[in-house]
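Notes for the one structure printed next.
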Amino acid sequence: MKMSRLGIAALSGLLLVGGLIPARAAETEAKGLKLLDKIQFTGGTELAASGKYVYAGELNGTTRRNEDPEKGGVHIFDVSGKAPREVGFFSCPGNDNDVEVVRPGLIAMGHHTATCNVPEAGESAAGFVLIDVRNPAKARQIGAINLPSGSQSHTLKPYPGTDYIYVNPGGLPTNGGMKTHIVDISNPKKPEVKATYVPTGSSTGCHDFSFHLSKKAKLGFCAGYGGFGIWDVSNPLEPKVISTIRNPQIQFNHFAVPSSDGKLLAIDDEAFALHTCKGTPTPTGRAWIYDISDPKSPKLQSSITPPRGGDATGVGTFPGWTPSWCLSHGLDWQPGTHNLAVTWFTGGVTVHNLDDATAPKELAYFQADDSTTYSALWHGGRLYTNDMARGLDAFAVKLGKS
C-alpha cells in the first residue's frame, strides 16, 4: 500500500514546508474509534500482523531518503495486552521500508534502497530483506535480495501458503520495466528470482498487489496508473490477466483489495493533484467499490469521498496545492464483514459499511490535527494505523449505525 514516487516527492515538499509535526498539541475528531495508545515515531509506512505481534514499517524516520541515518526499519509491538507494547526494533534506514508477514516468525521488509542491503555490481538498490522475528527483542536479518539492475521493488506481497513473494515495480511506465518479479524464498538465506511478468492490457505494471484465494478461484489484483487488473494466479509462476478496468475518474490506481468473501473490491486513488477534504467533494482521491462476483467483469458500485480533513497547521502548504494532502491511501477490510477502513493522510482514518455496496455508510472515524495517516490494519478485533507524523495508533472499535 505504498506511495507512488510522484506522491512521495509531492508529500516531501508539503512536509518540508510545513513541518511534519505541529508545534501545538493536536485536536482530534472521533466517532466509534477510541484511542487506546499512541506510540510516537515519524515516517510510518505499512502494517502487518501475526499472532500477538503487529509490525510497523518506518521510512527513515521521515519522507526523505537518508534524512536521518540513525532511523528507519521495523517496529515490533506486542498487542496481546490492553495497549500495544514495543518489544523490538529492526534497524535499517531506507525507503520505503514496508513490511509483510511471510509466515509466523518471519517477515519481509521491502525497500527502494536500504543500508542493510547494499547492491553489488549488476544489481538494483531495490529489493527486500528477510527478518527472523521469533525473538522480537533480537530481530535479525537472515536473507536478502536485490533485483537485477534497472528493476524496482516499490511493493511486495507474499503469495499465501507458498514460498513465493510478488515484488512490484511501482505502477508507472517508468518504473522498473513494469516487471513483477516472483521470488522464491524456500531457502530464506538465499532468495531467488524464479519468474518475471509484465501484465498484458496495461502499460504501467503494478503499484500494489493483493491476493484472494478460494476453492472457486485463485486471484491477484494489480493496481497501477493505467488501471487495475485481475489476474488468474492458479499457477504462481505464470499469472494471466483475466480482466482490466480503467476508470477515467481515478487519477492513480494505488491499491486494489478484495473483501474476505471475495465479493467486493476496494480501489484507492492516490491522486497526487487536485484533491481536498474540504469544500465541494471532487471525484479525485476517492475510494472506489466494485462488485467482483464475476472477476472477468467487475461492476462499479459506488465511491467514498474524502472526509473531514487537515489544514495548514497539521501538514503545511505547498505552492499551487490545497493546504490538505487528503486522498485515499490505505485500505483494509474487517475480516468476515463488509466494513472497510480507509486512510486519508491529513483526513485520518474512516470506517465504512458496504453491505449495500451502492450506498457506503460511514460508521467511525479518527482525525487529528497532526494526522498523516498512511495505512490501516484490522487485527484481533482492534484497528491499528501507521502514521507518518504520529507513529502507531491503536483503537478500540465500537461501530454503531451511520
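We name chains A, B, ... following the order of the C-alpha cells; residues begin at 1 in each chain, and ligands are numbered from 1 as shown.
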| field | Residues near range 38-50 of chain A, cut-off 6 Å, only C-alpha atoms, skip fewer than 5 positions along chain, as a PyMOL selection string | value | chain A and resi 55-59+61-62+98-100+374-375+386-393
Write a file of the selected residues as a CSV table (one decimal), in the first residue's frame, keeping N, CA and C atoms.
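That gives us again28.csv:
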```
chain,number,residue,atom,x,y,z
A,55,TYR,N,3.6,-5.4,13.3
A,55,TYR,CA,4.8,-4.9,12.7
A,55,TYR,C,4.5,-3.6,12.0
A,56,ALA,N,5.3,-2.6,12.3
A,56,ALA,CA,5.1,-1.3,11.7
A,56,ALA,C,6.4,-0.8,11.0
A,57,GLY,N,6.3,-0.5,9.7
A,57,GLY,CA,7.4,0.0,9.0
A,57,GLY,C,7.7,1.5,9.3
A,58,GLU,N,9.0,1.8,9.2
A,58,GLU,CA,9.4,3.2,9.4
A,58,GLU,C,10.3,3.6,8.3
A,59,LEU,N,9.9,4.6,7.6
A,59,LEU,CA,10.6,5.2,6.4
A,59,LEU,C,11.7,6.2,6.9
A,61,GLY,N,12.5,7.5,9.2
A,61,GLY,CA,12.1,8.5,10.2
A,61,GLY,C,11.4,9.7,9.6
A,62,THR,N,11.6,9.9,8.3
A,62,THR,CA,10.9,11.0,7.5
A,62,THR,C,10.6,10.5,6.2
A,98,ASP,N,8.7,-1.1,3.9
A,98,ASP,CA,7.3,-1.6,4.1
A,98,ASP,C,7.4,-3.1,4.4
A,99,VAL,N,6.5,-3.5,5.3
A,99,VAL,CA,6.7,-4.8,5.9
A,99,VAL,C,5.5,-5.7,5.6
A,100,GLU,N,5.8,-7.0,5.4
A,100,GLU,CA,4.8,-8.1,5.2
A,100,GLU,C,5.2,-9.3,6.0
A,374,TYR,N,-1.1,6.8,7.0
A,374,TYR,CA,-0.6,6.1,5.8
A,374,TYR,C,-1.3,4.8,5.6
A,375,SER,N,-1.5,3.9,6.6
A,375,SER,CA,-2.0,2.6,6.5
A,375,SER,C,-2.9,2.2,7.6
A,386,ASN,N,-0.8,3.3,11.0
A,386,ASN,CA,0.6,3.7,11.0
A,386,ASN,C,0.6,5.1,10.3
A,387,ASP,N,1.2,6.1,11.0
A,387,ASP,CA,1.0,7.5,10.6
A,387,ASP,C,2.4,8.1,10.4
A,388,MET,N,2.6,8.9,9.3
A,388,MET,CA,3.9,9.4,9.1
A,388,MET,C,4.3,10.5,10.1
A,389,ALA,N,3.3,11.1,10.8
A,389,ALA,CA,3.6,12.0,11.8
A,389,ALA,C,3.4,11.5,13.3
A,390,ARG,N,2.4,10.6,13.4
A,390,ARG,CA,2.0,10.2,14.8
A,390,ARG,C,2.7,8.9,15.2
A,391,GLY,N,3.1,8.0,14.2
A,391,GLY,CA,3.5,6.7,14.6
A,391,GLY,C,2.3,5.7,14.6
A,392,LEU,N,2.4,4.8,15.6
A,392,LEU,CA,1.3,3.8,15.7
A,392,LEU,C,0.2,4.3,16.6
A,393,ASP,N,-1.0,4.2,16.0
A,393,ASP,CA,-2.2,4.4,16.8
A,393,ASP,C,-3.0,3.1,16.9
```
| query | Running DSSP on the backbone, which parts of range 210-362 of chain A land in strand (DSSP E), as a ChimeraX atom specification? | reply | /A:210-213,218-224,227-232,240-245,253-258,264-269,287-291,299-304,330-333,339-343,349-353,361-362
| task | Show which residues sit within 6 Å of range 294-310 of chain A, as an MDAnalysis selection string. Count only C-alpha atoms, and ignore same-chain residues fewer than 4 positions away. | result | chainID A and resid 242:243 277 286:290 324 346:347 357:358
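Closest approach to Ile165 in chain A among A:Ile131, A:Ala108, A:His379, A:Lys216 is made by A:Ala108 (distances from only C-alpha atoms).
For range 192-198 of chain A, the residues within 9 Å (counting only C-alpha atoms, excluding itself and residues fewer than 2 positions away along the chain) are Ile145, Leu147, Tyr164, Gly177, Met178, Lys179, Thr180, His181, Ile182, Val183, Asp184, Ile185, Ser186, Asn187, Lys190, Thr200, Ser202, Ser203, Thr204, Gly205, Cys206, Leu237, Glu238 and Pro239 of chain A.
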Suppose we keep C-alpha atoms; can you now write the selection as a PDB file, in the first residue's frame?
```
ATOM      1  CA  ILE A 145      17.833  -9.972  -2.392  1.00  0.00           C
ATOM      2  CA  LEU A 147      16.682  -7.242  -8.047  1.00  0.00           C
ATOM      3  CA  TYR A 164       6.794 -17.041  -3.378  1.00  0.00           C
ATOM      4  CA  GLY A 177      10.333  -2.027 -16.930  1.00  0.00           C
ATOM      5  CA  MET A 178       6.864  -2.646 -15.446  1.00  0.00           C
ATOM      6  CA  LYS A 179       8.039  -6.129 -14.370  1.00  0.00           C
ATOM      7  CA  THR A 180       6.647  -8.006 -11.408  1.00  0.00           C
ATOM      8  CA  HIS A 181       9.372 -10.294 -10.082  1.00  0.00           C
ATOM      9  CA  ILE A 182       8.302 -13.561  -8.448  1.00  0.00           C
ATOM     10  CA  VAL A 183      10.884 -14.516  -5.832  1.00  0.00           C
ATOM     11  CA  ASP A 184      11.319 -17.960  -4.278  1.00  0.00           C
ATOM     12  CA  ILE A 185      12.237 -17.861  -0.566  1.00  0.00           C
ATOM     13  CA  SER A 186      12.149 -21.606   0.123  1.00  0.00           C
ATOM     14  CA  ASN A 187      15.722 -21.039   1.268  1.00  0.00           C
ATOM     15  CA  LYS A 190      19.218 -17.145  -0.482  1.00  0.00           C
ATOM     16  CA  THR A 200      -0.972  -7.616 -20.616  1.00  0.00           C
ATOM     17  CA  SER A 202      -1.703  -2.385 -19.126  1.00  0.00           C
ATOM     18  CA  SER A 203       1.114  -0.031 -19.972  1.00  0.00           C
ATOM     19  CA  THR A 204       2.117   0.688 -16.388  1.00  0.00           C
ATOM     20  CA  GLY A 205       2.579  -2.506 -14.365  1.00  0.00           C
ATOM     21  CA  CYS A 206       1.591  -2.841 -10.695  1.00  0.00           C
ATOM     22  CA  LEU A 237       4.886 -18.524 -11.691  1.00  0.00           C
ATOM     23  CA  GLU A 238       2.663 -17.931 -14.718  1.00  0.00           C
ATOM     24  CA  PRO A 239      -0.071 -15.412 -13.862  1.00  0.00           C
TER      25      PRO A 239
END
```
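Take the candidates A:Gly73, A:Gly150, A:Gly330, A:Gly161 and check each one against Thr174 in chain A using only C-alpha atoms; the shortest distance goes to A:Gly150.
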| Contacts of Ala271 in chain A at 10 Å or less, counting only C-alpha atoms, minus same-chain residues fewer than 6 places along, as an MDAnalysis selection string? | chainID A and resid 4 6:7 250:254 283:286 325:329
Could you take the residues named above and write them with N, CA and C atoms, as a compact mmCIF listing (two decimals), in the first residue's frame?
```txt
# COMPACT_ATOMS: atom_id res chain seq x y z
N SER A 4 3.25 6.26 -4.55
CA SER A 4 4.00 6.34 -5.80
C SER A 4 5.17 7.29 -5.63
N LEU A 6 5.88 9.81 -7.47
CA LEU A 6 5.37 11.18 -7.59
C LEU A 6 4.71 11.62 -6.31
N GLY A 7 3.95 10.69 -5.70
CA GLY A 7 3.28 11.04 -4.46
C GLY A 7 4.28 11.36 -3.36
N ILE A 250 -10.40 7.96 -11.84
CA ILE A 250 -9.30 7.64 -10.93
C ILE A 250 -8.00 8.14 -11.55
N GLN A 251 -7.30 9.01 -10.80
CA GLN A 251 -6.04 9.52 -11.32
C GLN A 251 -4.93 8.48 -11.23
N PHE A 252 -4.82 7.81 -10.06
CA PHE A 252 -3.78 6.81 -9.89
C PHE A 252 -4.34 5.64 -9.10
N ASN A 253 -4.55 4.49 -9.77
CA ASN A 253 -5.00 3.28 -9.09
C ASN A 253 -3.85 2.78 -8.21
N HIS A 254 -4.00 2.98 -6.91
CA HIS A 254 -2.88 2.76 -6.00
C HIS A 254 -2.89 1.35 -5.40
N PRO A 283 -14.30 14.09 -7.50
CA PRO A 283 -14.08 12.65 -7.73
C PRO A 283 -12.66 12.21 -7.39
N THR A 284 -11.72 13.15 -7.44
CA THR A 284 -10.32 12.78 -7.29
C THR A 284 -9.98 12.45 -5.84
N GLY A 285 -9.23 11.37 -5.65
CA GLY A 285 -8.80 10.98 -4.32
C GLY A 285 -9.74 10.05 -3.60
N ARG A 286 -10.80 9.62 -4.24
CA ARG A 286 -11.79 8.76 -3.59
C ARG A 286 -11.32 7.31 -3.48
N TRP A 325 -3.41 17.48 2.33
CA TRP A 325 -2.98 16.38 1.47
C TRP A 325 -3.97 15.26 1.79
N CYS A 326 -5.11 15.26 1.12
CA CYS A 326 -6.22 14.42 1.54
C CYS A 326 -6.68 13.55 0.38
N LEU A 327 -6.26 12.30 0.42
CA LEU A 327 -6.59 11.34 -0.62
C LEU A 327 -6.54 9.95 -0.03
N SER A 328 -7.28 9.03 -0.62
CA SER A 328 -7.30 7.67 -0.09
C SER A 328 -5.96 7.01 -0.34
N HIS A 329 -5.46 6.27 0.65
CA HIS A 329 -4.16 5.64 0.50
C HIS A 329 -4.11 4.22 1.06
```
